[in-house]
Amino acid sequence: MEGLLKLSTLVIVCMLVAAPMASEAAISCGAVTGSLGQCYNYLTRGGFIPRGCCSGVQRLHSMARTTRDRQQACRCIQGAARALGSRLNAGRAARLPGACRVRISYPISARTNCNTVR
């Protein structure tokens, strides 16, 4: 289950890039994975996106107010994605922000350089 949350977090972290900048990261990987926990089944098995998943994506986007927050969320999501490995459907992960009507300025991908997320 923790791996699922991390995978979901990877998708959502990218959405955080549009938030304002600050100097300290206040987001923990636990908060990121907790926000995305309800996205696990969708990201690994498909089907419909639970309402709680989109609520979590929106919550994570709102929590990532600074550049450091967004970079940390990105790292947490990438760690979760690595933990899920081949169980994660990268295409569903990349489309999740848009499906939840959250607009982000960078692609959701395991190849995203989290240090360049603003």
# chains A, B, ... in the order shown; residues from 1 in each chain; ligands from 1

$ residues_around --residues "A:Ala99" --least-positions-apart "6" --cutoff "10 Å" --atoms "only C-alpha atoms" --output "NGL selection string"
:A and (49 or 54 or 92-93)

$ atom_distance --atom1 "atom CA of A:Thr116" --atom2 "atom CA of A:Gly56"
23.6 Å

$ select_by_dssp --residues "stretch 19-105 of chain A" --states "alpha helix (DSSP H)" --output "JSON, numbers by chain"
{"A": [29, 30, 31, 32, 33, 34, 35, 36, 40, 41, 42, 43, 44, 45, 51, 52, 53, 54, 55, 56, 57, 58, 59, 60, 61, 62, 63, 67, 68, 69, 70, 71, 72, 73, 74, 75, 76, 77, 78, 79, 80, 81, 82, 83, 84, 90, 91, 92, 93, 94, 95, 96, 97, 98, 99]}
